[in-house]
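Student: Take a look at work-v8.txt, compact mmCIF, C-alpha atoms:
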# COMPACT_ATOMS: atom_id res chain seq x y z
CA MET A 1 197.23 -10.51 295.84
CA CYS A 2 195.41 -7.61 297.46
CA LYS A 3 191.82 -7.32 296.29
CA THR A 4 190.04 -4.04 295.70
CA GLU A 5 187.07 -3.01 297.77
CA SER A 6 184.61 -3.56 294.91
CA GLN A 7 186.04 -7.06 294.32
CA LEU A 8 185.63 -7.88 298.00
CA ILE A 9 182.05 -6.55 297.94
CA ALA A 10 181.24 -8.61 294.83
CA GLU A 11 182.67 -11.76 296.45
CA ALA A 12 180.83 -11.07 299.69
CA LYS A 13 177.59 -10.62 297.72
CA ALA A 14 178.17 -14.09 296.30
CA GLY A 15 178.27 -15.41 299.87
CA ASN A 16 181.99 -15.29 300.62
CA LYS A 17 182.18 -14.41 304.31
CA GLU A 18 185.97 -14.36 304.28
CA ALA A 19 185.89 -11.56 301.69
CA PHE A 20 183.52 -9.56 303.86
CA SER A 21 185.69 -10.16 306.90
CA GLU A 22 188.46 -8.30 305.06
CA LEU A 23 186.10 -5.33 304.83
CA VAL A 24 185.35 -5.77 308.53
CA GLU A 25 189.08 -5.67 309.22
CA LYS A 26 189.40 -2.46 307.21
CA TYR A 27 186.43 -0.58 308.70
CA GLN A 28 186.36 -1.97 312.23
CA LYS A 29 188.00 1.08 313.75
CA PRO A 30 185.69 3.83 312.41
CA VAL A 31 182.62 1.67 313.01
CA PHE A 32 183.69 0.81 316.55
CA SER A 33 184.55 4.45 317.13
CA VAL A 34 181.07 5.65 316.10
CA CYS A 35 179.44 3.00 318.30
CA TYR A 36 181.69 3.82 321.24
CA ARG A 37 181.05 7.56 321.00
CA MET A 38 177.33 6.88 320.70
CA LEU A 39 176.94 4.24 323.42
CA GLY A 40 179.74 5.16 325.77
CA THR A 41 181.02 1.74 326.83
CA PRO A 42 183.43 -0.62 325.06
CA THR A 43 181.18 -3.64 325.57
CA ALA A 44 178.13 -1.94 324.09
CA ALA A 45 180.30 -0.57 321.28
CA GLU A 46 181.70 -4.03 320.47
CA ASP A 47 178.20 -5.54 320.32
CA ALA A 48 176.84 -2.68 318.23
CA ALA A 49 179.79 -2.72 315.82
CA GLN A 50 179.47 -6.50 315.35
CA GLU A 51 175.75 -6.14 314.74
CA ALA A 52 176.31 -3.28 312.27
CA PHE A 53 178.63 -5.48 310.22
CA ILE A 54 176.18 -8.39 310.37
CA ARG A 55 173.38 -6.12 309.14
CA ALA A 56 175.61 -4.76 306.40
CA TYR A 57 176.50 -8.30 305.28
CA GLN A 58 172.86 -9.32 305.21
CA ALA A 59 171.86 -6.16 303.33
CA LEU A 60 174.68 -6.28 300.77
CA ASP A 61 172.21 -6.86 297.93
CA ARG A 62 170.72 -3.46 298.68
CA TYR A 63 174.10 -1.71 298.74
CA ASP A 64 174.45 0.89 296.00
CA PRO A 65 178.01 0.68 294.58
CA GLU A 66 177.77 4.37 293.62
CA ARG A 67 177.83 5.18 297.32
CA SER A 68 181.00 4.97 299.41
CA PHE A 69 181.12 1.75 301.43
CA ALA A 70 182.53 3.67 304.41
CA THR A 71 179.58 6.08 304.40
CA TRP A 72 177.14 3.20 304.08
CA ILE A 73 178.59 1.13 306.91
CA LEU A 74 178.87 4.17 309.19
CA SER A 75 175.25 5.05 308.54
CA ILE A 76 174.25 1.51 309.54
CA ALA A 77 176.37 1.77 312.69
CA SER A 78 175.07 5.19 313.68
CA ASN A 79 171.43 4.30 313.04
CA TYR A 80 171.78 1.03 314.93
CA SER A 81 173.36 2.89 317.86
CA ILE A 82 170.54 5.45 317.83
CA ASP A 83 168.03 2.58 317.98
CA GLN A 84 169.93 0.97 320.85
CA LEU A 85 169.99 4.23 322.79
CA ARG A 86 166.27 4.69 322.25
CA LYS A 87 165.51 1.13 323.29
CA LYS A 88 167.74 0.84 326.30
CA LYS A 89 168.23 4.49 327.13
CA VAL A 90 171.93 3.91 327.82
CA THR A 91 173.00 6.51 330.33
CA ILE A 92 176.21 5.12 331.68
CA LEU A 93 178.26 8.10 330.63
CA SER A 94 179.68 9.04 334.00
CA MET A 95 182.60 11.30 334.73
CA ASP A 96 184.65 8.42 336.05
CA SER A 97 187.42 7.98 333.53
CA ASP A 98 188.13 4.37 334.62
CA LYS A 99 184.85 3.30 333.12
CA HIS A 100 186.09 4.53 329.77
CA ALA A 101 189.18 2.39 329.72
CA TRP A 102 189.90 1.14 326.22
CA LEU A 103 189.23 -2.36 325.12
CA ALA A 104 192.47 -1.97 323.23
CA PRO A 105 195.11 0.64 323.97
CA PRO A 106 195.12 3.29 321.22
CA ASP A 107 198.87 3.32 320.99
CA PRO A 108 201.09 0.32 321.73
CA GLY A 109 203.29 1.05 324.68
CA PRO A 110 202.26 4.60 325.54
CA SER A 111 203.61 6.22 328.67
CA PRO A 112 201.46 5.98 331.82
CA GLU A 113 200.93 9.74 331.65
CA LYS A 114 199.65 9.49 328.08
CA VAL A 115 197.35 6.63 329.03
CA ALA A 116 195.97 8.62 331.95
CA LEU A 117 195.47 11.71 329.81
CA ASP A 118 193.76 9.69 327.06
CA LYS A 119 191.41 8.20 329.63
CA GLU A 120 190.61 11.65 330.97
CA LYS A 121 190.00 13.00 327.51
CA SER A 122 187.80 10.05 326.67
CA ALA A 123 185.79 10.58 329.84
CA LEU A 124 185.43 14.26 328.99
CA VAL A 125 184.27 13.51 325.46
CA GLN A 126 181.66 11.04 326.65
CA ALA A 127 180.48 13.38 329.39
CA ILE A 128 180.03 16.19 326.88
CA LEU A 129 178.14 13.97 324.45
CA ALA A 130 175.97 12.46 327.17
CA ASP A 131 173.44 15.28 327.34
CA LEU A 132 172.74 15.34 323.62
CA THR A 133 169.79 13.55 322.08
CA GLU A 134 170.60 10.39 320.11
CA THR A 135 170.28 12.04 316.71
CA ASP A 136 172.18 15.18 317.73
CA ARG A 137 174.93 12.98 319.12
CA ALA A 138 175.17 11.02 315.88
CA ALA A 139 175.31 14.27 313.89
CA VAL A 140 178.11 15.62 316.10
CA ILE A 141 180.10 12.37 315.86
CA LEU A 142 179.79 12.18 312.09
CA GLN A 143 180.81 15.81 311.71
CA TYR A 144 183.67 16.06 314.20
CA TRP A 145 185.28 12.64 313.83
CA HIS A 146 184.36 11.61 310.32
CA ASP A 147 184.30 15.00 308.58
CA TYR A 148 180.84 14.48 307.10
CA SER A 149 179.20 17.39 305.32
CA TYR A 150 175.69 18.54 306.29
CA GLU A 151 174.34 16.73 303.22
CA GLU A 152 176.06 13.46 304.12
CA ILE A 153 174.82 13.64 307.71
CA ALA A 154 171.34 14.45 306.43
CA GLU A 155 171.42 11.43 304.11
CA ASN A 156 172.69 9.13 306.85
CA LEU A 157 170.24 10.20 309.50
CA ASP A 158 167.31 10.72 307.17
CA LEU A 159 167.01 14.44 307.91
CA SER A 160 167.03 17.59 305.81
CA SER A 161 170.24 19.63 305.56
CA SER A 162 168.62 22.55 307.36
CA ALA A 163 167.53 20.21 310.16
CA VAL A 164 171.11 18.97 310.50
CA LYS A 165 172.36 22.57 310.63
CA SER A 166 169.97 23.54 313.38
CA ARG A 167 170.62 20.30 315.30
CA LEU A 168 174.37 20.89 315.18
CA PHE A 169 173.89 24.50 316.25
CA ARG A 170 171.81 23.41 319.22
CA ALA A 171 174.27 20.63 320.04
CA ARG A 172 177.25 23.00 320.02
CA LYS A 173 175.44 25.35 322.37
CA LEU A 174 174.56 22.52 324.75
CA MET A 175 178.10 21.15 324.66
CA ALA A 176 179.59 24.57 325.34
CA GLU A 177 177.29 25.02 328.32
CA LYS A 178 178.17 21.57 329.59
CA TRP A 179 181.87 22.32 329.17
CA GLN A 180 181.59 25.54 331.15
CA GLU A 181 179.66 23.70 333.82
CA MET A 182 182.27 20.94 333.97
CA GLN A 183 185.06 23.40 334.48
CA LEU A 184 183.33 24.56 337.60
CA ILE A 185 182.65 21.17 339.16
CA SER A 186 185.05 19.47 341.49
CA ALA A 187 185.83 16.09 339.82
CA PRO A 188 189.61 16.27 340.15
CA ASN A 189 190.68 14.15 337.16
CA VAL A 190 188.20 15.70 334.76
CA ASN A 191 188.99 19.14 336.02
CA SER A 192 192.69 18.60 335.38
CA ALA A 193 192.03 17.32 331.87
CA ALA A 194 189.73 20.25 331.15
CA LYS A 195 192.36 22.64 332.43
CA ARG A 196 194.93 20.99 330.24
CA ILE A 197 192.70 21.34 327.17
CA ALA A 198 192.11 24.98 328.07
CA HIS A 199 195.84 25.48 328.36
CA GLU A 200 196.50 23.70 325.06
CA THR A 201 193.95 25.82 323.18
CA SER A 202 195.29 29.04 324.66
CA THR A 203 198.77 28.19 323.39
CA ILE A 204 197.58 27.41 319.84
CA MET B 1 174.78 44.62 316.21
CA LYS B 2 172.76 42.36 318.48
CA HIS B 3 174.39 39.91 320.89
CA GLN B 4 172.43 36.97 319.34
CA GLN B 5 174.13 37.49 315.97
CA PHE B 6 177.57 37.01 317.55
CA GLU B 7 176.38 33.89 319.34
CA ASN B 8 175.17 32.54 316.00
CA TRP B 9 178.53 33.28 314.41
CA ILE B 10 180.34 31.44 317.21
CA LEU B 11 178.14 28.38 317.08
CA MET B 12 177.59 28.16 313.35
CA ASP B 13 180.02 26.11 311.37
CA GLU B 14 180.50 28.66 308.61
CA GLU B 15 183.46 30.70 307.50
CA LEU B 16 183.21 34.37 308.47
CA ASN B 17 184.45 37.07 306.15
CA LYS B 18 187.12 39.49 307.31
CA GLU B 19 184.65 42.14 308.34
CA GLN B 20 182.57 39.68 310.35
CA GLN B 21 185.72 38.31 312.00
CA ARG B 22 186.75 41.84 312.99
CA ASP B 23 183.28 42.57 314.40
CA LEU B 24 183.28 39.30 316.32
CA HIS B 25 186.71 39.91 317.85
CA GLY B 26 185.64 43.39 318.81
CA HIS B 27 182.54 41.99 320.52
CA LEU B 28 184.50 39.26 322.30
CA LYS B 29 186.64 41.90 324.00
CA GLU B 30 183.56 43.54 325.40
CA CYS B 31 181.24 40.56 326.12
CA SER B 32 182.46 38.03 328.68
CA GLN B 33 179.51 35.72 327.98
CA CYS B 34 180.33 35.45 324.28
CA GLN B 35 184.02 35.13 325.09
CA ALA B 36 183.30 32.17 327.38
CA LEU B 37 181.11 30.58 324.71
CA PHE B 38 183.78 31.13 322.05
CA GLN B 39 186.50 29.60 324.24
CA ALA B 40 184.33 26.65 325.23
CA ASN B 41 183.58 25.97 321.58
CA GLN B 42 187.26 26.15 320.67
CA GLN B 43 188.27 23.91 323.56
CA ILE B 44 185.64 21.30 322.72
CA THR B 45 186.81 21.19 319.10
CA HIS B 46 190.38 20.80 320.32
CA LEU B 47 189.36 18.06 322.75
CA PHE B 48 187.48 16.17 320.06
CA LYS B 49 190.42 16.41 317.68
CA THR B 50 193.00 15.29 320.22
CA ALA B 51 190.98 12.58 321.96
CA PRO B 52 192.30 9.17 320.95
CA GLU B 53 190.23 7.11 318.58
CA PRO B 54 188.74 4.12 320.37
CA ALA B 55 189.63 0.75 318.90
CA PRO B 56 188.29 -2.74 319.51
CA VAL B 57 190.53 -5.47 320.88
CA ALA B 58 192.44 -7.51 318.33
CA GLY B 59 190.53 -10.27 316.55
CA PHE B 60 187.43 -8.22 315.84
CA SER B 61 186.96 -9.68 312.34
CA THR B 62 187.53 -13.23 313.62
CA ARG B 63 184.87 -12.65 316.25
CA TRP B 64 182.63 -11.28 313.50
CA LEU B 65 183.10 -14.49 311.47
CA GLY B 66 182.03 -16.50 314.52
CA GLN B 67 179.02 -14.22 315.04
CA ILE B 68 177.86 -14.41 311.43
CA ASP B 69 178.14 -18.21 311.52
CA ARG B 70 175.96 -18.31 314.61
CA VAL B 71 173.47 -15.86 313.08
CA GLU B 72 173.26 -17.88 309.85
CA LYS B 73 172.85 -21.15 311.74
CA ARG B 74 170.05 -19.59 313.76
CA LYS B 75 168.48 -18.25 310.57
CA ASN B 76 168.70 -21.67 308.89
CA ARG B 77 167.18 -23.29 311.95
CA ILE B 78 164.31 -20.78 311.86
CA ILE B 79 163.77 -21.49 308.14
CA LEU B 80 163.86 -25.25 308.79
CA PHE B 81 161.39 -25.08 311.68
CA SER B 82 159.13 -22.67 309.77
CA SER B 83 159.11 -25.04 306.77
CA LEU B 84 158.42 -28.02 309.00
CA GLY B 85 155.65 -26.07 310.69
CA ALA B 86 154.12 -25.09 307.35
CA ILE B 87 154.31 -28.69 306.06
CA SER B 88 152.76 -30.01 309.27
CA LEU B 89 149.97 -27.44 309.05
CA ALA B 90 149.31 -28.29 305.39
CA THR B 91 149.27 -32.03 306.23
CA LEU B 92 146.90 -31.40 309.11
CA ILE B 93 144.53 -29.42 306.88
CA LEU B 94 144.73 -32.12 304.18
CA LEU B 95 144.08 -34.92 306.65
CA SER B 96 141.18 -33.03 308.19
CA THR B 97 139.63 -32.49 304.76
CA VAL B 98 140.14 -36.14 303.71
CA GLY B 99 138.86 -37.26 307.11
CA LEU B 100 135.63 -35.31 306.65
CA GLU B 101 135.18 -36.79 303.17
CA LEU B 102 135.88 -40.29 304.45
CA ARG B 103 133.35 -39.79 307.20
CA SER B 104 130.60 -39.01 304.68
CA VAL B 105 131.68 -42.01 302.58
CA VAL B 106 131.82 -44.30 305.61
CA GLY B 107 128.34 -43.13 306.63
CA ASN B 108 126.83 -44.41 303.29
CA PHE B 109 129.08 -47.45 303.05
CA PRO B 110 126.46 -50.27 303.33
CA GLN B 111 124.29 -48.66 300.66
CA MET B 112 127.30 -48.11 298.38
CA LEU B 113 128.40 -51.71 298.85
CA TYR B 114 124.91 -52.97 298.05
CA GLU B 115 124.79 -50.83 294.87
CA LEU B 116 128.23 -52.07 293.78
CA VAL B 117 127.29 -55.73 294.31
CA THR B 118 123.99 -55.23 292.44
CA LEU B 119 125.81 -53.57 289.55
CA ILE B 120 128.36 -56.38 289.31
CA ALA B 121 125.58 -59.04 289.47
CA ASN B 122 123.60 -57.30 286.71
CA TRP B 123 126.67 -57.19 284.52
CA ILE B 124 127.32 -60.89 285.08
CA VAL B 125 123.70 -61.76 284.16
CA PHE B 126 123.89 -59.53 281.10
CA LEU B 127 127.19 -61.04 279.91
CA ASN B 128 125.83 -64.59 280.47
CA GLN B 129 122.74 -63.87 278.41
CA MET B 130 124.82 -62.29 275.66
CA SER B 131 127.15 -65.28 275.58
CA ASP B 132 124.09 -67.61 275.29
CA ILE B 133 122.98 -65.69 272.19
CA ILE B 134 126.34 -65.04 270.60
CA THR B 135 128.04 -68.43 271.10
CA PRO B 136 125.59 -70.50 268.88
CA LEU B 137 125.62 -67.71 266.30
CA PHE B 138 129.40 -67.85 266.19
CA ARG B 139 129.34 -71.62 265.87
CA VAL B 140 126.85 -71.55 262.95
CA GLY B 141 128.42 -68.48 261.41
CA ALA B 142 131.87 -70.02 261.51
CA LYS B 143 130.56 -73.01 259.55
CA LEU B 144 128.51 -70.95 257.02
CA LEU B 145 130.68 -67.88 256.51
CA SER B 146 134.25 -67.45 255.39
CA PRO B 147 136.64 -65.80 257.91
CA ILE B 148 136.63 -62.56 255.87
CA TRP B 149 132.86 -62.19 256.07
CA LEU B 150 132.94 -63.04 259.74
CA PHE B 151 135.46 -60.30 260.33
CA ILE B 152 133.35 -57.78 258.34
CA ILE B 153 130.22 -58.66 260.33
CA LEU B 154 132.06 -58.43 263.66
CA PHE B 155 133.60 -55.13 262.66
CA GLY B 156 130.19 -53.81 261.63
CA LEU B 157 128.59 -54.94 264.86
CA SER B 158 131.35 -53.30 266.89
CA GLY B 159 130.84 -50.06 264.97
CA ILE B 160 127.10 -50.13 265.53
CA THR B 161 127.63 -50.84 269.24
CA ALA B 162 130.13 -47.99 269.57
CA ALA B 163 127.80 -45.59 267.72
CA TRP B 164 124.88 -46.67 269.87
CA THR B 165 126.92 -46.24 273.08
CA VAL B 166 128.04 -42.73 272.07
CA LYS B 167 124.49 -41.78 271.14
CA PHE B 168 123.18 -43.22 274.38
CA TYR B 169 125.63 -41.22 276.53
CA ARG B 170 125.01 -38.01 274.57
CA SER B 171 121.25 -38.29 274.95
CA ARG B 172 121.73 -39.04 278.64
CA GLY B 173 123.92 -35.95 279.03
CA MET B 174 121.36 -33.78 277.26
CA GLN B 175 118.64 -35.18 279.46
CA LYS B 176 120.65 -34.31 282.54
CA GLU B 177 121.15 -30.74 281.27
CA LEU B 178 117.41 -30.43 280.61
CA ASN B 179 116.65 -31.66 284.14
Turn the structure described in the file into structure tokens.

Tutor:
Amino acid sequence: MCKTESQLIAEAKAGNKEAFSELVEKYQKPVFSVCYRMLGTPTAAEDAAQEAFIRAYQALDRYDPERSFATWILSIASNYSIDQLRKKKVTILSMDSDKHAWLAPPDPGPSPEKVALDKEKSALVQAILADLTETDRAAVILQYWHDYSYEEIAENLDLSSSAVKSRLFRARKLMAEKWQEMQLISAPNVNSAAKRIAHETSTI
Amino acid sequence: MKHQQFENWILMDEELNKEQQRDLHGHLKECSQCQALFQANQQITHLFKTAPEPAPVAGFSTRWLGQIDRVEKRKNRIILFSSLGAISLATLILLSTVGLELRSVVGNFPQMLYELVTLIANWIVFLNQMSDIITPLFRVGAKLLSPIWLFIILFGLSGITAAWTVKFYRSRGMQKELN
């Protein structure tokens, strides 16, 4: 029988790790995704995602059932990633797309062209995010990939809504400048991906 | 309208009304800088939406179970060692305290032993003398008095002794308070 999320949370609160591992199974992808976008490498993302789930499990007593579990776990993941970036100052976000190879392929059996394009896009994404501050990066990730509202981002990152607005404004400006700069540089693979994106947007 | 306003419209994540949209499109035709910014913003949004979502390798939750087991074992070990440490510390403090007390006792030991022996000797002498007085009385009394009277006298003597003892200790206590 398939258990509901609240049942799994209640069982996990009682010390059932297996129940919590079902929640891990369910939310591993968004949590890993946030960590990957924040930290830029699959290894760091794996460690951070594992740690985020461990922290969530240990803090389950403090979890407010009124709040969405997804929002709660993503806030733990994003805050942990911010802390990691501040501690280690991870700056491995190079333009080399090979460094951004997936731990797991996003689509089973994709064509080599698709794999190459995905790698290029991933490299571009990480390169664009690289220049943002930790908090700005988290705000961008939560807004673009997880459709968070200003209020939700503010709650997650412990900021005011107006601060989130101005941070996102500043981040978009920086990213646009970086994008324009990248289109001018000579990295062949990134340049081709950027051109492809430009072509795709012009045809929309 | 100022150039900055158009830049704000491009970078802000808010819906523009029809008039604002018309103004913006008009400005984009004239301003190459704003046009480049607008396109860059659009392209980034498109890139973010089309970039594949990263996923961990299979077995993430199994690895998590292994991790949490290790973390809990480590936590339990820390609790165990902390408890052992606390108990050892408490024992050390207790032993030190008892040791200091013992040292003061051991220092006066000959005097204490002497006092104890003297006390025991005094009690033996006292009990001997009492038995010398009481034994003949009992012998005579047993011949002269019936068992009932003997019991009454003994009971009365015990009562008097108890009353005297209580009075003695109370007066001693009061004397100590006065001192």

Student: Using only C-alpha atoms, pick whichever of B:Gln5, B:Gln35, B:Asn17, B:Asn41 has the shortest atom-to-atom distance to chain A.

Tutor: B:Asn41

Student: Write out, as JSON lines, each residue of chain A that has an atom at most 9 Å from chain B, together with the closest pair of atoms and their distance in Å to one decimal, counting only C-alpha atoms, rows going by chain and rising number.

Tutor:
{"residue": "A:Lys17", "atom": "CA", "partner": "B:Leu65", "partner_atom": "CA", "distance": 7.2}
{"residue": "A:Glu18", "atom": "CA", "partner": "B:Leu65", "partner_atom": "CA", "distance": 7.7}
{"residue": "A:Ser21", "atom": "CA", "partner": "B:Ser61", "partner_atom": "CA", "distance": 5.6}
{"residue": "A:Glu22", "atom": "CA", "partner": "B:Ser61", "partner_atom": "CA", "distance": 7.6}
{"residue": "A:Leu23", "atom": "CA", "partner": "B:Ser61", "partner_atom": "CA", "distance": 8.7}
{"residue": "A:Val24", "atom": "CA", "partner": "B:Ser61", "partner_atom": "CA", "distance": 5.7}
{"residue": "A:Glu25", "atom": "CA", "partner": "B:Ser61", "partner_atom": "CA", "distance": 5.5}
{"residue": "A:Gln28", "atom": "CA", "partner": "B:Phe60", "partner_atom": "CA", "distance": 7.3}
{"residue": "A:Lys29", "atom": "CA", "partner": "B:Ala55", "partner_atom": "CA", "distance": 5.4}
{"residue": "A:Pro30", "atom": "CA", "partner": "B:Ala55", "partner_atom": "CA", "distance": 8.2}
{"residue": "A:Phe32", "atom": "CA", "partner": "B:Ala55", "partner_atom": "CA", "distance": 6.4}
{"residue": "A:Ser33", "atom": "CA", "partner": "B:Pro54", "partner_atom": "CA", "distance": 5.3}
{"residue": "A:Val34", "atom": "CA", "partner": "B:Pro54", "partner_atom": "CA", "distance": 8.9}
{"residue": "A:Tyr36", "atom": "CA", "partner": "B:Pro54", "partner_atom": "CA", "distance": 7.1}
{"residue": "A:Arg37", "atom": "CA", "partner": "B:Pro54", "partner_atom": "CA", "distance": 8.4}
{"residue": "A:Pro42", "atom": "CA", "partner": "B:Pro56", "partner_atom": "CA", "distance": 7.7}
{"residue": "A:Ala45", "atom": "CA", "partner": "B:Pro56", "partner_atom": "CA", "distance": 8.5}
{"residue": "A:Glu46", "atom": "CA", "partner": "B:Pro56", "partner_atom": "CA", "distance": 6.8}
{"residue": "A:Gln50", "atom": "CA", "partner": "B:Trp64", "partner_atom": "CA", "distance": 6.0}
{"residue": "A:Glu51", "atom": "CA", "partner": "B:Trp64", "partner_atom": "CA", "distance": 8.7}
{"residue": "A:Phe53", "atom": "CA", "partner": "B:Trp64", "partner_atom": "CA", "distance": 7.8}
{"residue": "A:Ile54", "atom": "CA", "partner": "B:Ile68", "partner_atom": "CA", "distance": 6.3}
{"residue": "A:Tyr57", "atom": "CA", "partner": "B:Ile68", "partner_atom": "CA", "distance": 8.8}
{"residue": "A:Trp102", "atom": "CA", "partner": "B:Pro54", "partner_atom": "CA", "distance": 6.7}
{"residue": "A:Leu103", "atom": "CA", "partner": "B:Val57", "partner_atom": "CA", "distance": 5.4}
{"residue": "A:Ala104", "atom": "CA", "partner": "B:Val57", "partner_atom": "CA", "distance": 4.6}
{"residue": "A:Pro105", "atom": "CA", "partner": "B:Ala55", "partner_atom": "CA", "distance": 7.5}
{"residue": "A:Pro106", "atom": "CA", "partner": "B:Ala55", "partner_atom": "CA", "distance": 6.5}
{"residue": "A:Asp107", "atom": "CA", "partner": "B:Pro52", "partner_atom": "CA", "distance": 8.8}
{"residue": "A:Asp118", "atom": "CA", "partner": "B:Pro52", "partner_atom": "CA", "distance": 6.3}
{"residue": "A:Lys119", "atom": "CA", "partner": "B:Pro52", "partner_atom": "CA", "distance": 8.8}
{"residue": "A:Lys121", "atom": "CA", "partner": "B:Ala51", "partner_atom": "CA", "distance": 5.7}
{"residue": "A:Ser122", "atom": "CA", "partner": "B:Ala51", "partner_atom": "CA", "distance": 6.2}
{"residue": "A:Leu124", "atom": "CA", "partner": "B:Leu47", "partner_atom": "CA", "distance": 8.3}
{"residue": "A:Val125", "atom": "CA", "partner": "B:Phe48", "partner_atom": "CA", "distance": 6.8}
{"residue": "A:Ile128", "atom": "CA", "partner": "B:Ile44", "partner_atom": "CA", "distance": 8.7}
{"residue": "A:Tyr144", "atom": "CA", "partner": "B:Phe48", "partner_atom": "CA", "distance": 7.0}
{"residue": "A:Trp145", "atom": "CA", "partner": "B:Lys49", "partner_atom": "CA", "distance": 7.4}
{"residue": "A:Lys165", "atom": "CA", "partner": "B:Met12", "partner_atom": "CA", "distance": 8.1}
{"residue": "A:Ser166", "atom": "CA", "partner": "B:Met12", "partner_atom": "CA", "distance": 8.9}
{"residue": "A:Leu168", "atom": "CA", "partner": "B:Met12", "partner_atom": "CA", "distance": 8.2}
{"residue": "A:Phe169", "atom": "CA", "partner": "B:Leu11", "partner_atom": "CA", "distance": 5.8}
{"residue": "A:Arg170", "atom": "CA", "partner": "B:Leu11", "partner_atom": "CA", "distance": 8.3}
{"residue": "A:Arg172", "atom": "CA", "partner": "B:Leu11", "partner_atom": "CA", "distance": 6.2}
{"residue": "A:Lys173", "atom": "CA", "partner": "B:Leu11", "partner_atom": "CA", "distance": 6.7}
{"residue": "A:Met175", "atom": "CA", "partner": "B:Ile44", "partner_atom": "CA", "distance": 7.8}
{"residue": "A:Ala176", "atom": "CA", "partner": "B:Ala40", "partner_atom": "CA", "distance": 5.2}
{"residue": "A:Glu177", "atom": "CA", "partner": "B:Leu37", "partner_atom": "CA", "distance": 7.7}
{"residue": "A:Trp179", "atom": "CA", "partner": "B:Ala40", "partner_atom": "CA", "distance": 6.4}
{"residue": "A:Gln180", "atom": "CA", "partner": "B:Ala40", "partner_atom": "CA", "distance": 6.6}
{"residue": "A:Ala194", "atom": "CA", "partner": "B:Gln43", "partner_atom": "CA", "distance": 8.6}
{"residue": "A:Ile197", "atom": "CA", "partner": "B:Gln43", "partner_atom": "CA", "distance": 6.3}
{"residue": "A:Ala198", "atom": "CA", "partner": "B:Gln43", "partner_atom": "CA", "distance": 6.0}
{"residue": "A:Glu200", "atom": "CA", "partner": "B:His46", "partner_atom": "CA", "distance": 8.3}
{"residue": "A:Thr201", "atom": "CA", "partner": "B:Gln43", "partner_atom": "CA", "distance": 6.0}
{"residue": "A:Ser202", "atom": "CA", "partner": "B:Gln43", "partner_atom": "CA", "distance": 8.8}

Student: Calculate how many Å separate CA of Ala14 in chain A from CA of Ala56 in chain A, rounding to one decimal.

Tutor: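 CA of Ala56 in chain A lies 14.0 Å from CA of Ala14 in chain A.
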
Student: Please report the interatomic distance between CA of Ser131 in chain B and CA of Trp164 in chain B in Å with one decimal.

Tutor: 19.6 Å
